[in-house]
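Asker: So here's target-v3.cif, just mmCIF, C-alpha atoms:
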```
data_run
loop_
_atom_site.label_atom_id
_atom_site.label_comp_id
_atom_site.auth_asym_id
_atom_site.auth_seq_id
_atom_site.Cartn_x
_atom_site.Cartn_y
_atom_site.Cartn_z
CA MET O 15 -14.05 -67.57 6.56
CA LYS O 16 -14.97 -64.29 8.24
CA VAL O 17 -13.86 -63.79 11.81
CA LEU O 18 -17.46 -63.02 12.78
CA THR O 19 -18.40 -66.59 11.92
CA LEU O 20 -16.32 -67.94 14.80
CA ASN O 21 -18.79 -66.31 17.15
CA PHE O 22 -21.42 -68.76 15.88
CA LEU O 23 -19.44 -71.95 15.60
CA THR O 24 -18.70 -74.68 18.07
CA CYS O 25 -17.44 -78.23 17.93
CA ALA O 26 -19.73 -80.48 15.86
CA VAL O 27 -19.31 -83.43 18.23
CA LYS O 28 -22.54 -83.82 20.23
CA ALA O 29 -20.81 -84.56 23.51
CA CYS O 30 -18.85 -81.32 23.30
CA LYS O 31 -21.90 -79.10 23.01
CA SER O 32 -22.55 -79.28 26.74
CA SER O 33 -19.05 -78.13 27.54
CA SER O 34 -18.26 -74.45 27.61
CA ALA O 35 -14.74 -75.29 26.44
CA SER O 36 -16.02 -76.06 22.95
CA PHE O 37 -16.79 -72.40 22.25
CA PRO O 38 -15.18 -70.45 20.80
CA LEU O 39 -13.07 -72.70 18.63
CA HIS O 40 -9.39 -71.82 18.73
CA PRO O 41 -7.64 -70.78 15.51
CA LYS O 42 -4.38 -72.65 14.93
CA ASP O 43 -1.75 -72.00 12.24
CA CYS O 44 -4.13 -69.62 10.53
CA GLU O 45 -3.35 -67.49 7.52
CA LEU O 46 -5.42 -64.36 7.40
CA VAL O 47 -6.42 -62.37 4.37
CA SER O 48 -8.19 -59.10 4.12
CA ASP O 49 -11.17 -58.84 1.83
CA THR O 50 -12.76 -55.56 0.82
CA ILE O 51 -16.39 -55.60 1.75
CA LYS O 52 -18.76 -52.71 1.31
CA PRO O 53 -19.23 -51.01 4.69
CA ASP O 54 -22.65 -51.62 6.17
CA PRO O 55 -22.88 -49.67 9.45
CA ARG O 56 -26.54 -50.60 9.73
CA LEU O 57 -25.70 -54.30 9.78
CA ILE O 58 -22.96 -53.83 12.39
CA HIS O 59 -25.34 -51.78 14.58
CA ASN O 60 -27.98 -54.44 14.21
CA ILE O 61 -25.94 -57.54 14.93
CA LEU O 62 -23.64 -56.20 17.62
CA PRO O 63 -26.13 -56.94 20.44
CA ARG O 64 -26.15 -60.60 19.28
CA VAL O 65 -22.38 -60.95 19.25
CA ASP O 66 -20.82 -62.76 22.21
CA TRP O 67 -18.31 -60.03 23.02
CA SER O 68 -16.22 -62.09 25.41
CA ALA O 69 -15.83 -64.86 22.81
CA LEU O 70 -14.99 -62.25 20.17
CA SER O 71 -12.33 -60.82 22.47
CA THR O 72 -10.79 -64.26 22.88
CA THR O 73 -10.84 -64.81 19.12
CA ALA O 74 -9.30 -61.40 18.39
CA LEU O 75 -6.45 -62.01 20.82
CA GLU O 76 -5.81 -65.50 19.47
CA LEU O 77 -5.60 -64.14 15.94
CA GLY O 78 -3.04 -61.55 16.99
CA PHE O 79 -5.27 -58.51 17.02
CA PRO O 80 -4.97 -55.83 19.71
CA ALA O 81 -7.24 -56.49 22.69
CA LEU O 82 -10.82 -55.33 22.34
CA PRO O 83 -12.34 -53.02 24.97
CA GLU O 84 -13.89 -54.93 27.86
CA GLN O 85 -17.38 -53.81 26.97
CA PRO O 86 -18.83 -53.61 23.47
CA PRO O 87 -19.39 -50.06 22.22
CA THR O 88 -22.89 -48.70 22.67
CA LYS O 89 -24.94 -47.68 19.68
CA GLU O 90 -24.24 -44.03 20.44
CA GLN O 91 -20.52 -44.59 20.76
CA LEU O 92 -20.48 -46.38 17.42
CA GLU O 93 -22.45 -43.64 15.75
CA GLU O 94 -19.98 -41.02 16.94
CA ASP O 95 -16.80 -42.98 16.44
CA GLU O 96 -16.34 -43.74 12.76
CA LYS O 97 -12.90 -45.17 13.36
CA MET O 98 -14.22 -47.77 15.79
CA MET O 99 -17.01 -48.68 13.37
CA GLY O 100 -14.41 -49.12 10.63
CA GLU O 101 -12.25 -51.30 12.88
CA LEU O 102 -15.17 -53.51 13.83
CA HIS O 103 -16.15 -53.85 10.19
CA THR O 104 -12.58 -54.83 9.31
CA LEU O 105 -12.27 -57.32 12.15
CA LEU O 106 -15.67 -58.96 11.82
CA LEU O 107 -16.35 -58.98 8.11
CA GLU O 108 -13.22 -58.18 6.15
CA THR O 109 -10.70 -60.32 8.03
CA GLN O 110 -10.90 -63.86 6.77
CA ILE O 111 -9.15 -67.05 7.69
CA SER O 112 -8.00 -68.49 4.37
CA GLU O 113 -6.07 -71.48 5.66
CA GLY O 114 -5.64 -73.06 9.05
CA LYS O 115 -7.33 -75.08 11.72
CA LEU O 116 -10.05 -74.51 14.27
CA VAL O 117 -9.54 -76.50 17.45
CA CYS O 118 -12.10 -77.61 20.01
CA GLY O 119 -10.97 -76.75 23.52
CA ASN O 120 -12.89 -79.72 24.88
CA CYS O 121 -11.99 -82.71 22.72
CA GLY O 122 -9.03 -81.33 20.75
CA HIS O 123 -10.50 -82.16 17.36
CA GLU O 124 -9.19 -79.90 14.60
CA TYR O 125 -11.35 -78.65 11.75
CA ALA O 126 -9.56 -77.58 8.58
CA VAL O 127 -10.03 -74.31 6.76
CA LYS O 128 -8.91 -74.46 3.12
CA GLU O 129 -9.26 -71.68 0.55
CA GLY O 130 -11.44 -69.86 3.05
CA ILE O 131 -13.90 -72.74 3.50
CA ALA O 132 -14.15 -74.37 6.91
CA ASN O 133 -15.02 -78.06 6.88
CA PHE O 134 -16.93 -79.46 9.83
CA LEU O 135 -17.58 -82.97 8.55
CA LEU O 136 -16.66 -85.49 11.22
CA PRO O 137 -14.84 -88.75 10.62
CA ASN O 138 -17.16 -91.73 11.27
CA HIS O 139 -15.74 -92.59 14.66
CA LEU O 140 -16.65 -89.17 16.05
CA VAL O 141 -20.23 -88.98 14.80
CA MET J 17 -31.10 -98.95 -12.87
CA ALA J 18 -33.39 -96.83 -10.73
CA ASN J 19 -34.74 -99.93 -9.04
CA ASN J 20 -31.27 -101.10 -8.07
CA ASN J 21 -30.51 -97.71 -6.55
CA LEU J 22 -33.58 -97.94 -4.33
CA GLU J 23 -33.18 -101.62 -3.53
CA GLU J 24 -29.85 -101.16 -1.84
CA LYS J 25 -31.33 -98.56 0.50
CA GLY J 26 -32.12 -100.92 3.33
CA GLU J 27 -29.01 -102.99 2.76
CA ILE J 28 -26.22 -100.52 3.34
CA PRO J 29 -25.80 -97.95 6.12
CA ALA J 30 -27.88 -94.83 5.53
CA GLU J 31 -24.80 -92.58 5.57
CA THR J 32 -23.19 -94.66 2.83
CA TYR J 33 -26.40 -94.66 0.81
CA GLU J 34 -26.71 -90.89 1.06
CA GLU J 35 -23.03 -90.39 0.27
CA GLU J 36 -23.50 -92.26 -2.99
CA HIS J 37 -26.95 -91.07 -4.00
CA VAL J 38 -26.98 -87.51 -2.71
CA HIS J 39 -23.63 -86.01 -1.70
CA THR J 40 -21.41 -87.31 -4.47
CA VAL J 41 -24.00 -86.31 -7.03
CA TYR J 42 -24.33 -82.71 -5.83
CA GLU J 43 -20.56 -82.37 -5.67
CA GLN J 44 -20.34 -83.35 -9.33
CA ILE J 45 -23.24 -81.29 -10.62
CA ALA J 46 -22.57 -78.28 -8.37
CA SER J 47 -21.98 -75.53 -10.87
CA HIS J 48 -24.66 -76.70 -13.28
CA PHE J 49 -27.08 -77.11 -10.37
CA SER J 50 -26.19 -73.67 -9.08
CA SER J 51 -26.90 -72.03 -12.41
CA THR J 52 -30.47 -73.30 -12.27
CA ARG J 53 -31.08 -72.20 -8.67
CA TYR J 54 -31.51 -68.48 -8.47
CA LYS J 55 -35.16 -67.68 -7.86
CA PRO J 56 -36.24 -67.68 -4.20
CA TRP J 57 -39.55 -69.37 -3.47
CA PRO J 58 -42.20 -66.89 -2.23
CA ILE J 59 -42.85 -68.41 1.21
CA VAL J 60 -39.12 -68.52 1.92
CA SER J 61 -38.63 -64.92 0.78
CA THR J 62 -41.50 -63.75 2.97
CA PHE J 63 -40.14 -65.61 5.97
CA LEU J 64 -36.72 -64.04 5.51
CA GLU J 65 -38.03 -60.55 4.79
CA ASN J 66 -40.13 -60.53 7.97
CA LEU J 67 -37.18 -61.17 10.25
CA ALA J 68 -36.21 -58.43 12.71
CA PRO J 69 -33.12 -56.47 11.63
CA GLY J 70 -30.03 -57.86 13.32
CA SER J 71 -31.38 -61.41 13.44
CA ILE J 72 -28.77 -64.15 13.26
CA GLY J 73 -29.72 -67.42 11.63
CA LEU J 74 -28.79 -70.54 9.75
CA ASP J 75 -29.44 -71.84 6.26
CA VAL J 76 -29.06 -75.57 6.70
CA GLY J 77 -28.34 -77.08 3.31
CA CYS J 78 -27.74 -73.67 1.74
CA GLY J 79 -26.66 -75.03 -1.65
CA ASN J 80 -25.39 -72.16 -3.77
CA GLY J 81 -26.55 -69.63 -1.19
CA LYS J 82 -29.45 -68.22 -3.15
CA TYR J 83 -31.34 -67.30 0.04
CA LEU J 84 -28.42 -65.55 1.66
CA THR J 85 -29.08 -62.24 -0.06
CA VAL J 86 -32.83 -61.88 0.41
CA ASN J 87 -32.62 -59.80 3.59
CA ARG J 88 -29.72 -57.36 3.94
CA ASP J 89 -30.32 -56.72 7.62
CA VAL J 90 -29.66 -60.21 8.95
CA PHE J 91 -26.54 -62.36 9.24
CA ILE J 92 -26.73 -65.96 8.11
CA VAL J 93 -24.33 -68.85 8.50
CA GLY J 94 -25.08 -71.20 5.63
CA SER J 95 -23.96 -74.80 5.65
CA ASP J 96 -24.01 -77.56 3.05
CA ARG J 97 -22.53 -81.00 2.52
CA SER J 98 -21.10 -80.07 -0.86
CA THR J 99 -17.80 -78.18 -0.81
CA ASN J 100 -18.33 -77.07 -4.40
CA LEU J 101 -21.70 -75.54 -3.57
CA VAL J 102 -20.37 -73.90 -0.39
CA LYS J 103 -17.62 -72.23 -2.41
CA ILE J 104 -20.32 -70.56 -4.48
CA ALA J 105 -22.40 -69.67 -1.42
CA ALA J 106 -19.40 -68.18 0.38
CA GLY J 107 -19.29 -65.43 -2.22
CA HIS J 108 -22.50 -63.89 -0.92
CA GLN J 109 -21.52 -61.00 1.31
CA PRO J 110 -21.72 -60.33 4.15
CA HIS J 111 -22.76 -63.87 5.17
CA ALA J 112 -20.75 -66.97 5.93
CA ALA J 113 -20.87 -70.50 4.51
CA ILE J 114 -19.28 -73.69 5.82
CA VAL J 115 -19.23 -77.38 4.94
CA ALA J 116 -21.19 -79.34 7.52
CA ASP J 117 -23.63 -82.21 7.91
CA THR J 118 -27.19 -81.47 9.01
CA LEU J 119 -26.97 -84.21 11.65
CA ALA J 120 -23.77 -82.80 13.16
CA LEU J 121 -24.11 -79.05 12.96
CA PRO J 122 -21.22 -77.08 14.48
CA HIS J 123 -23.42 -74.52 16.20
CA GLN J 124 -24.32 -73.71 19.78
CA LYS J 125 -27.71 -74.80 21.02
CA GLY J 126 -30.19 -72.02 21.53
CA ARG J 127 -28.08 -69.36 19.83
CA PHE J 128 -29.99 -68.51 16.69
CA ASP J 129 -33.05 -66.40 15.94
CA PHE J 130 -34.07 -68.37 12.89
CA ALA J 131 -33.19 -71.20 10.58
CA ILE J 132 -34.25 -72.23 7.12
CA SER J 133 -33.79 -75.63 5.54
CA ILE J 134 -35.12 -75.65 2.02
CA ALA J 135 -35.31 -78.85 -0.01
CA VAL J 136 -32.80 -80.62 2.22
CA VAL J 137 -34.21 -83.03 4.76
CA HIS J 138 -35.97 -84.96 2.02
CA HIS J 139 -32.54 -86.28 1.02
CA LEU J 140 -32.20 -88.22 4.27
CA SER J 141 -33.04 -91.81 3.61
CA THR J 142 -34.79 -92.92 6.80
CA ARG J 143 -37.58 -91.37 8.82
CA ASP J 144 -35.44 -91.42 11.94
CA ARG J 145 -32.72 -89.42 10.19
CA ARG J 146 -35.20 -86.93 8.77
CA ARG J 147 -36.64 -86.46 12.26
CA GLU J 148 -33.17 -86.13 13.71
CA ALA J 149 -32.45 -83.39 11.17
CA VAL J 150 -35.51 -81.43 12.29
CA GLN J 151 -34.40 -81.88 15.88
CA CYS J 152 -30.88 -80.68 15.14
CA ILE J 153 -32.27 -77.60 13.45
CA LEU J 154 -34.71 -76.84 16.29
CA ASP J 155 -31.93 -77.28 18.86
CA THR J 156 -30.04 -74.33 17.40
CA LEU J 157 -32.93 -71.95 18.01
CA ARG J 158 -33.27 -69.68 21.01
CA ASP J 159 -36.61 -69.54 22.84
CA GLY J 160 -39.05 -68.06 20.39
CA GLY J 161 -36.79 -68.67 17.42
CA LYS J 162 -38.40 -70.10 14.30
CA ALA J 163 -37.38 -72.54 11.62
CA LEU J 164 -38.81 -72.91 8.13
CA VAL J 165 -38.51 -76.38 6.65
CA TYR J 166 -39.47 -76.96 3.04
CA VAL J 167 -39.62 -80.40 1.39
CA TRP J 168 -40.79 -82.01 -1.84
CA ALA J 169 -44.39 -83.18 -1.78
CA LEU J 170 -45.70 -86.54 -2.87
CA GLU J 171 -48.85 -84.83 -4.04
CA GLN J 172 -47.72 -82.96 -7.11
CA LYS J 173 -49.80 -84.33 -9.92
CA ASN J 174 -49.58 -81.14 -11.94
CA SER J 175 -45.83 -81.03 -11.92
CA ARG J 176 -43.56 -82.36 -14.62
CA ARG J 177 -43.00 -85.54 -12.62
CA GLY J 178 -46.66 -86.01 -11.79
CA TRP J 179 -46.30 -88.00 -8.57
CA ASP J 180 -49.39 -88.23 -6.41
CA GLU J 181 -51.01 -90.01 -3.44
CA GLY J 182 -50.47 -93.71 -3.69
CA HIS J 183 -47.09 -93.41 -5.39
CA GLU J 184 -44.01 -94.79 -3.68
CA GLN J 185 -42.50 -92.11 -1.46
CA ASP J 186 -38.85 -93.01 -1.96
CA VAL J 187 -37.74 -92.06 -5.44
CA MET J 188 -34.66 -91.49 -7.55
CA VAL J 189 -34.76 -88.24 -9.47
CA PRO J 190 -32.54 -87.77 -12.49
CA TRP J 191 -30.30 -84.80 -13.16
CA VAL J 192 -29.05 -84.55 -16.70
CA MET J 193 -25.80 -82.73 -17.20
CA LYS J 194 -24.16 -82.05 -20.51
CA THR J 195 -20.43 -82.17 -20.31
CA SER J 196 -17.93 -81.80 -23.08
CA LYS J 197 -14.95 -84.01 -22.62
CA LYS J 198 -11.77 -84.04 -24.62
CA ASN J 199 -12.00 -87.72 -25.24
CA ALA J 200 -15.76 -88.02 -25.53
CA GLY J 201 -15.97 -89.51 -28.96
CA GLU J 202 -16.61 -87.75 -32.23
CA ASN J 203 -19.19 -85.20 -31.11
CA GLY J 204 -17.12 -83.88 -28.25
CA GLU J 205 -20.15 -83.68 -26.05
CA THR J 206 -21.65 -86.23 -23.73
CA GLU J 207 -24.66 -86.20 -21.53
CA LYS J 208 -24.48 -87.74 -18.12
CA THR J 209 -27.48 -88.58 -15.97
CA PHE J 210 -27.14 -88.57 -12.21
CA GLN J 211 -29.75 -90.09 -9.91
CA ARG J 212 -30.50 -88.39 -6.60
CA TYR J 213 -32.42 -89.96 -3.75
CA TYR J 214 -35.51 -88.11 -2.48
CA HIS J 215 -38.16 -88.96 0.06
CA LEU J 216 -41.43 -87.40 -1.07
CA TYR J 217 -43.42 -86.21 1.94
CA ARG J 218 -47.13 -86.96 2.08
CA LYS J 219 -49.56 -84.43 3.47
CA GLY J 220 -49.12 -84.09 7.22
CA GLU J 221 -45.88 -86.01 7.41
CA LEU J 222 -43.62 -83.04 7.98
CA GLU J 223 -45.80 -81.78 10.83
CA GLU J 224 -45.80 -85.26 12.38
CA ASP J 225 -42.00 -85.27 12.29
CA VAL J 226 -41.78 -81.86 13.96
CA VAL J 227 -44.13 -82.89 16.76
CA ASN J 228 -42.39 -86.23 17.15
CA VAL J 229 -39.13 -84.53 18.08
CA GLY J 230 -40.78 -82.18 20.52
CA GLY J 231 -41.33 -79.21 18.26
CA GLU J 232 -44.42 -77.09 17.65
CA VAL J 233 -45.79 -76.25 14.24
CA ILE J 234 -46.72 -72.58 14.05
CA GLU J 235 -47.89 -72.54 10.47
CA SER J 236 -47.73 -74.95 7.55
CA GLY J 237 -48.87 -75.29 4.00
CA TYR J 238 -48.20 -76.21 0.40
CA GLU J 239 -46.41 -74.17 -2.23
CA LYS J 240 -45.32 -75.14 -5.73
CA ASP J 241 -45.08 -78.92 -5.21
CA ASN J 242 -43.59 -78.57 -1.72
CA TRP J 243 -44.87 -78.98 1.83
CA TRP J 244 -43.55 -76.43 4.28
CA ALA J 245 -43.75 -75.84 8.02
CA ILE J 246 -42.66 -73.01 10.28
CA CYS J 247 -41.83 -74.47 13.66
CA ARG J 248 -40.19 -73.79 16.98
CA ARG J 249 -39.08 -75.68 20.07
CA SER J 250 -41.96 -76.58 22.36
CA GLY J 251 -42.48 -74.35 25.32
CA GLY J 252 -40.21 -71.83 23.67
CA GLY J 253 -42.87 -69.40 22.54
#
```
So, in terms of structure tokens, how does the structure I just supplied come out?

Answerer:
Amino acid sequence: MKVLTLNFLTCAVKACKSSSASFPLHPKDCELVSDTIKPDPRLIHNILPRVDWSALSTTALELGFPALPEQPPTKEQLEEDEKMMGELHTLLLETQISEGKLVCGNCGHEYAVKEGIANFLLPNHLV
Amino acid sequence: MANNNLEEKGEIPAETYEEEHVHTVYEQIASHFSSTRYKPWPIVSTFLENLAPGSIGLDVGCGNGKYLTVNRDVFIVGSDRSTNLVKIAAGHQPHAAIVADTLALPHQKGRFDFAISIAVVHHLSTRDRRREAVQCILDTLRDGGKALVYVWALEQKNSRRGWDEGHEQDVMVPWVMKTSKKNAGENGETEKTFQRYYHLYRKGELEEDVVNVGGEVIESGYEKDNWWAICRRSGGG
């Protein structure tokens, strides 16, 4: 599962949605793999304004990546800095969690990631 | 056999009913099903193509992910109940696909620019659950965000199945899969028929459901044996 996806995932338990602790989910015991995905600078430019940068920073740190700059790069900065564009592409799209768990900071429930697929089905007692 | 499948609907919990007559079936027929699902329906393609570049959205019940590649300038998180189908969908770059239930989506409220849910909510076996699904989808949208919901129509007299007004709305629809099994007798090939539960929507029903959960219908219509509606949260225009 791509790292970018974590920016759009929260705990599936209804009661957790109103808590800010349920986002972002926290990776636990995660194995990362690197996929090769065709660079698409246009897509990165387009979606960057919709990315929750502070949540992404938290995710990057928790996965063992170097800290992200405090502010997201501007469009102009990205256009000039190919290296930064490449790093963002690698972090967001090419870095995948192949195995591990995603933990809700509010209720503690752990969602499993197996063979790159995250499973958010809840056991009956949590629905 | 079909009658028994429908009869037990009121007698066992809806989740159990759907597990048996929807989810288990798709999990077993996944790759065969996927091979027959490749052509996007026109209204869905148009909806996706008209999205602003950089839009972030959901495909709730994404199946094999056939809609994930229509628009290269958006990012979609697809979700489906079937792990086998999600594995196929997850191959569509640069999007994401997860296993999740429509009634317990793992997404923030108000975060997404759009959502599509194509041929999905008609698999929920009670009106309350179908309405809840529409509500769950609408909840994920930001103010002004739009969802396209597409469901099988009751009124499809020209289709192969020929249902129409007056027919029972809850039906079992067969899926025939040829499998070759090592120990399948002398021919080496067997055919297995799976029954899937569908609720066929009558004209106006989808719109009623949207309004019932506090949504607004922006546009709606009929295409190729399906009713569809584009909707948003009320007051979020």

Asker: So that each row is one residue of chain O with an atom at most 8 Å from chain J, can you give its shortest atom pair and the distance in Å to one decimal, using all atoms listed in the file, rows by chain and rising number, as a tab-separated table?

Answerer:
```
residue	atom	partner	partner_atom	distance
O:Met15	CA	J:Ala112	CA	6.8
O:Lys16	CA	J:Ala112	CA	6.8
O:Thr19	CA	J:Ala112	CA	6.4
O:Phe22	CA	J:His123	CA	6.1
O:Leu23	CA	J:His123	CA	4.8
O:Thr24	CA	J:Pro122	CA	5.0
O:Cys25	CA	J:Pro122	CA	5.2
O:Ala26	CA	J:Pro122	CA	4.0
O:Val27	CA	J:Ala120	CA	6.8
O:Lys28	CA	J:Ala120	CA	7.2
O:Lys31	CA	J:Gln124	CA	6.7
O:Ile51	CA	J:Gln109	CA	7.5
O:Arg56	CA	J:Asp89	CA	7.5
O:Leu57	CA	J:Asp89	CA	5.6
O:His59	CA	J:Gly70	CA	7.8
O:Asn60	CA	J:Gly70	CA	4.1
O:Ile61	CA	J:Gly70	CA	4.4
O:Leu62	CA	J:Gly70	CA	7.9
O:Arg64	CA	J:Ile72	CA	7.5
O:Leu107	CA	J:Pro110	CA	6.8
O:Ile131	CA	J:Ile114	CA	5.9
O:Ala132	CA	J:Ile114	CA	5.3
O:Asn133	CA	J:Val115	CA	4.7
O:Phe134	CA	J:Ala116	CA	4.8
O:Leu135	CA	J:Ala116	CA	5.2
O:Leu136	CA	J:Ala120	CA	7.8
O:Val141	CA	J:Ala120	CA	7.3
```

Asker: Using the chain letters and numbers from the file, give me the residues hit by the PyMOL selection byres ((chain J and resi 64) around 10), as a short mmCIF file (atom, residue, chain, number, x, y, z; two decimals) with C-alpha atoms, in the coordinates of the input.

Answerer:
```
data_model
loop_
_atom_site.label_atom_id
_atom_site.label_comp_id
_atom_site.auth_asym_id
_atom_site.auth_seq_id
_atom_site.Cartn_x
_atom_site.Cartn_y
_atom_site.Cartn_z
CA PRO J 58 -42.20 -66.89 -2.23
CA ILE J 59 -42.85 -68.41 1.21
CA VAL J 60 -39.12 -68.52 1.92
CA SER J 61 -38.63 -64.92 0.78
CA THR J 62 -41.50 -63.75 2.97
CA PHE J 63 -40.14 -65.61 5.97
CA GLU J 65 -38.03 -60.55 4.79
CA ASN J 66 -40.13 -60.53 7.97
CA LEU J 67 -37.18 -61.17 10.25
CA ALA J 68 -36.21 -58.43 12.71
CA SER J 71 -31.38 -61.41 13.44
CA GLY J 73 -29.72 -67.42 11.63
CA TYR J 83 -31.34 -67.30 0.04
CA LEU J 84 -28.42 -65.55 1.66
CA THR J 85 -29.08 -62.24 -0.06
CA VAL J 86 -32.83 -61.88 0.41
CA ASN J 87 -32.62 -59.80 3.59
CA ARG J 88 -29.72 -57.36 3.94
CA ASP J 89 -30.32 -56.72 7.62
CA VAL J 90 -29.66 -60.21 8.95
CA PHE J 130 -34.07 -68.37 12.89
CA ALA J 131 -33.19 -71.20 10.58
CA ILE J 132 -34.25 -72.23 7.12
CA LEU J 164 -38.81 -72.91 8.13
#
```

Asker: Let me make sure I understand: among O:Gly130, O:Pro137, O:Gly119, O:Gly114, which one has the smallest atom-to-atom distance to Cys44 (chain O) if we use all atoms listed in the file?

Answerer: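 Looking at the shortest contact to Cys44 (chain O), the residue is O:Gly114.
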
Asker: Would you compute the distance between CA of Ala81 (chain O) and CA of Leu20 (chain O)? Give it in Å to one decimal.

Answerer: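 Pair CA of Ala81 (chain O) / CA of Leu20 (chain O) returns 16.6 Å.
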
Asker: When the PyMOL selection byres ((chain J and resi 49) around 12) is applied to the structure above, which residues does it catch, written out as a list in words?

Answerer: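 Selection result, ordered by chain and number: Val41, Tyr42, Glu43, Gln44, Ile45, Ala46, Ser47, His48, Ser50, Ser51, Thr52, Arg53, Tyr54, Gly79, Asn80, Gly81, Lys82, Ser98, Asn100, Leu101, Ile104, Trp191, Val192, Met193, Lys194 and Phe210 of chain J.
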
Asker: Calculate how many Å separate CA of Glu207 (chain J) from CA of Thr195 (chain J), rounding to one decimal.

Answerer: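 One can read the CA of Glu207 (chain J) to CA of Thr195 (chain J) distance as 6.0 Å.
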
Asker: If the PyMOL selection byres ((chain O and resi 124) around 10) is run on the structure shown, which residues does it catch, given as a list of chain:residue names?

Answerer: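 Applied to this file, the PyMOL selection byres ((chain O and resi 124) around 10) selects O:Cys25, O:Leu39, O:His40, O:Pro41, O:Lys42, O:Gly114, O:Lys115, O:Leu116, O:Val117, O:Cys118, O:Gly119, O:Cys121, O:Gly122, O:His123, O:Tyr125, O:Ala126, O:Val127, O:Asn133, O:Phe134, O:Leu136.
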
Asker: Using CA of Glu113 (chain O) and CA of Glu129 (chain O) as the two end points, give the distance in Å to one decimal.

Answerer: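 One can read the CA of Glu113 (chain O) to CA of Glu129 (chain O) distance as 6.0 Å.
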
Asker: I want to know what sits within 12 Å of Asn228 (chain J), based on only C-alpha atoms, with residues of the same chain fewer than 5 positions away left out; could you give that as a list of chain:residue names?

Answerer: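 The residues satisfying every condition are J:Arg143, J:Asp144, J:Arg146, J:Arg147, J:Glu148, J:Ala149, J:Val150, J:Gln151, J:Glu221, J:Leu222, J:Glu223, J:Val233, J:Arg249, J:Ser250.
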
Asker: Here is a test: counting only C-alpha atoms, which residue of J:Val167, J:Ala245, J:Ile134, J:His108 is nearest to Lys52 (chain O)?

Answerer: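 With only C-alpha atoms as the atom set, the closest residue is J:His108.
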
Asker: Here's a test: counting all atoms listed in the file, identify every protein, DNA and RNA residue with an atom at most 8 Å from (-2.5, -63.2, 11.8) in the file's coordinate frame, and state them as a ChimeraX atom specification.

Answerer: /O:44-46,77-79

Asker: For the residues in that selection, give me C-alpha atoms as a short mmCIF file (atom, residue, chain, number, x, y, z; two decimals), in the coordinates of the input.

Answerer:
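Writing done, so here's again06.cif:
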```cif
data_model
loop_
_atom_site.label_atom_id
_atom_site.label_comp_id
_atom_site.auth_asym_id
_atom_site.auth_seq_id
_atom_site.Cartn_x
_atom_site.Cartn_y
_atom_site.Cartn_z
CA CYS O 44 -4.13 -69.62 10.53
CA GLU O 45 -3.35 -67.49 7.52
CA LEU O 46 -5.42 -64.36 7.40
CA LEU O 77 -5.60 -64.14 15.94
CA GLY O 78 -3.04 -61.55 16.99
CA PHE O 79 -5.27 -58.51 17.02
#
```

Asker: How big is the axis-aligned box around all listed atoms of region 17-29 of chain O once 3 Å goes on each side, and where's its centre, in Å to one decimal, as AutoDock Vina command-line options?

Answerer:
```
--center_x -18.2 --center_y -73.8 --center_z 17.7 --size_x 14.7 --size_y 27.5 --size_z 17.7
```

Asker: Using only C-alpha atoms, can you tell me which of J:Thr142, J:Gln211, J:Ser133, J:Asn242 comes closest to Ala169 (chain J)?

Answerer: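 Looking at the shortest contact to Ala169 (chain J), the residue is J:Asn242.
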
Asker: Take region 242-248 of chain J from the block and save it with N, CA, C and O atoms, as a PDB file, in the first residue's frame.

Answerer:
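After the write, out_3.pdb holds the following:
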```pdb
ATOM      1  N   ASN J 242     -29.485   0.731 -15.889  1.00  0.00           N
ATOM      2  CA  ASN J 242     -29.132   1.198 -14.555  1.00  0.00           C
ATOM      3  C   ASN J 242     -29.752   2.554 -14.275  1.00  0.00           C
ATOM      4  O   ASN J 242     -29.894   3.387 -15.170  1.00  0.00           O
ATOM      5  N   TRP J 243     -30.101   2.808 -13.020  1.00  0.00           N
ATOM      6  CA  TRP J 243     -30.453   4.154 -12.566  1.00  0.00           C
ATOM      7  C   TRP J 243     -29.197   4.755 -11.963  1.00  0.00           C
ATOM      8  O   TRP J 243     -28.433   4.066 -11.291  1.00  0.00           O
ATOM      9  N   TRP J 244     -28.997   6.044 -12.205  1.00  0.00           N
ATOM     10  CA  TRP J 244     -27.830   6.685 -11.600  1.00  0.00           C
ATOM     11  C   TRP J 244     -28.231   8.030 -11.022  1.00  0.00           C
ATOM     12  O   TRP J 244     -29.215   8.625 -11.429  1.00  0.00           O
ATOM     13  N   ALA J 245     -27.448   8.499 -10.063  1.00  0.00           N
ATOM     14  CA  ALA J 245     -27.683   9.820  -9.477  1.00  0.00           C
ATOM     15  C   ALA J 245     -26.348  10.428  -9.075  1.00  0.00           C
ATOM     16  O   ALA J 245     -25.504   9.749  -8.498  1.00  0.00           O
ATOM     17  N   ILE J 246     -26.195  11.714  -9.397  1.00  0.00           N
ATOM     18  CA  ILE J 246     -25.046  12.476  -8.906  1.00  0.00           C
ATOM     19  C   ILE J 246     -25.571  13.297  -7.756  1.00  0.00           C
ATOM     20  O   ILE J 246     -26.577  14.010  -7.896  1.00  0.00           O
ATOM     21  N   CYS J 247     -24.937  13.182  -6.603  1.00  0.00           N
ATOM     22  CA  CYS J 247     -25.485  13.825  -5.417  1.00  0.00           C
ATOM     23  C   CYS J 247     -24.393  14.443  -4.560  1.00  0.00           C
ATOM     24  O   CYS J 247     -23.204  14.203  -4.779  1.00  0.00           O
ATOM     25  N   ARG J 248     -24.828  15.251  -3.617  1.00  0.00           N
ATOM     26  CA  ARG J 248     -23.892  15.884  -2.691  1.00  0.00           C
ATOM     27  C   ARG J 248     -24.588  16.030  -1.357  1.00  0.00           C
ATOM     28  O   ARG J 248     -25.798  15.845  -1.246  1.00  0.00           O
TER      29      ARG J 248
END
```
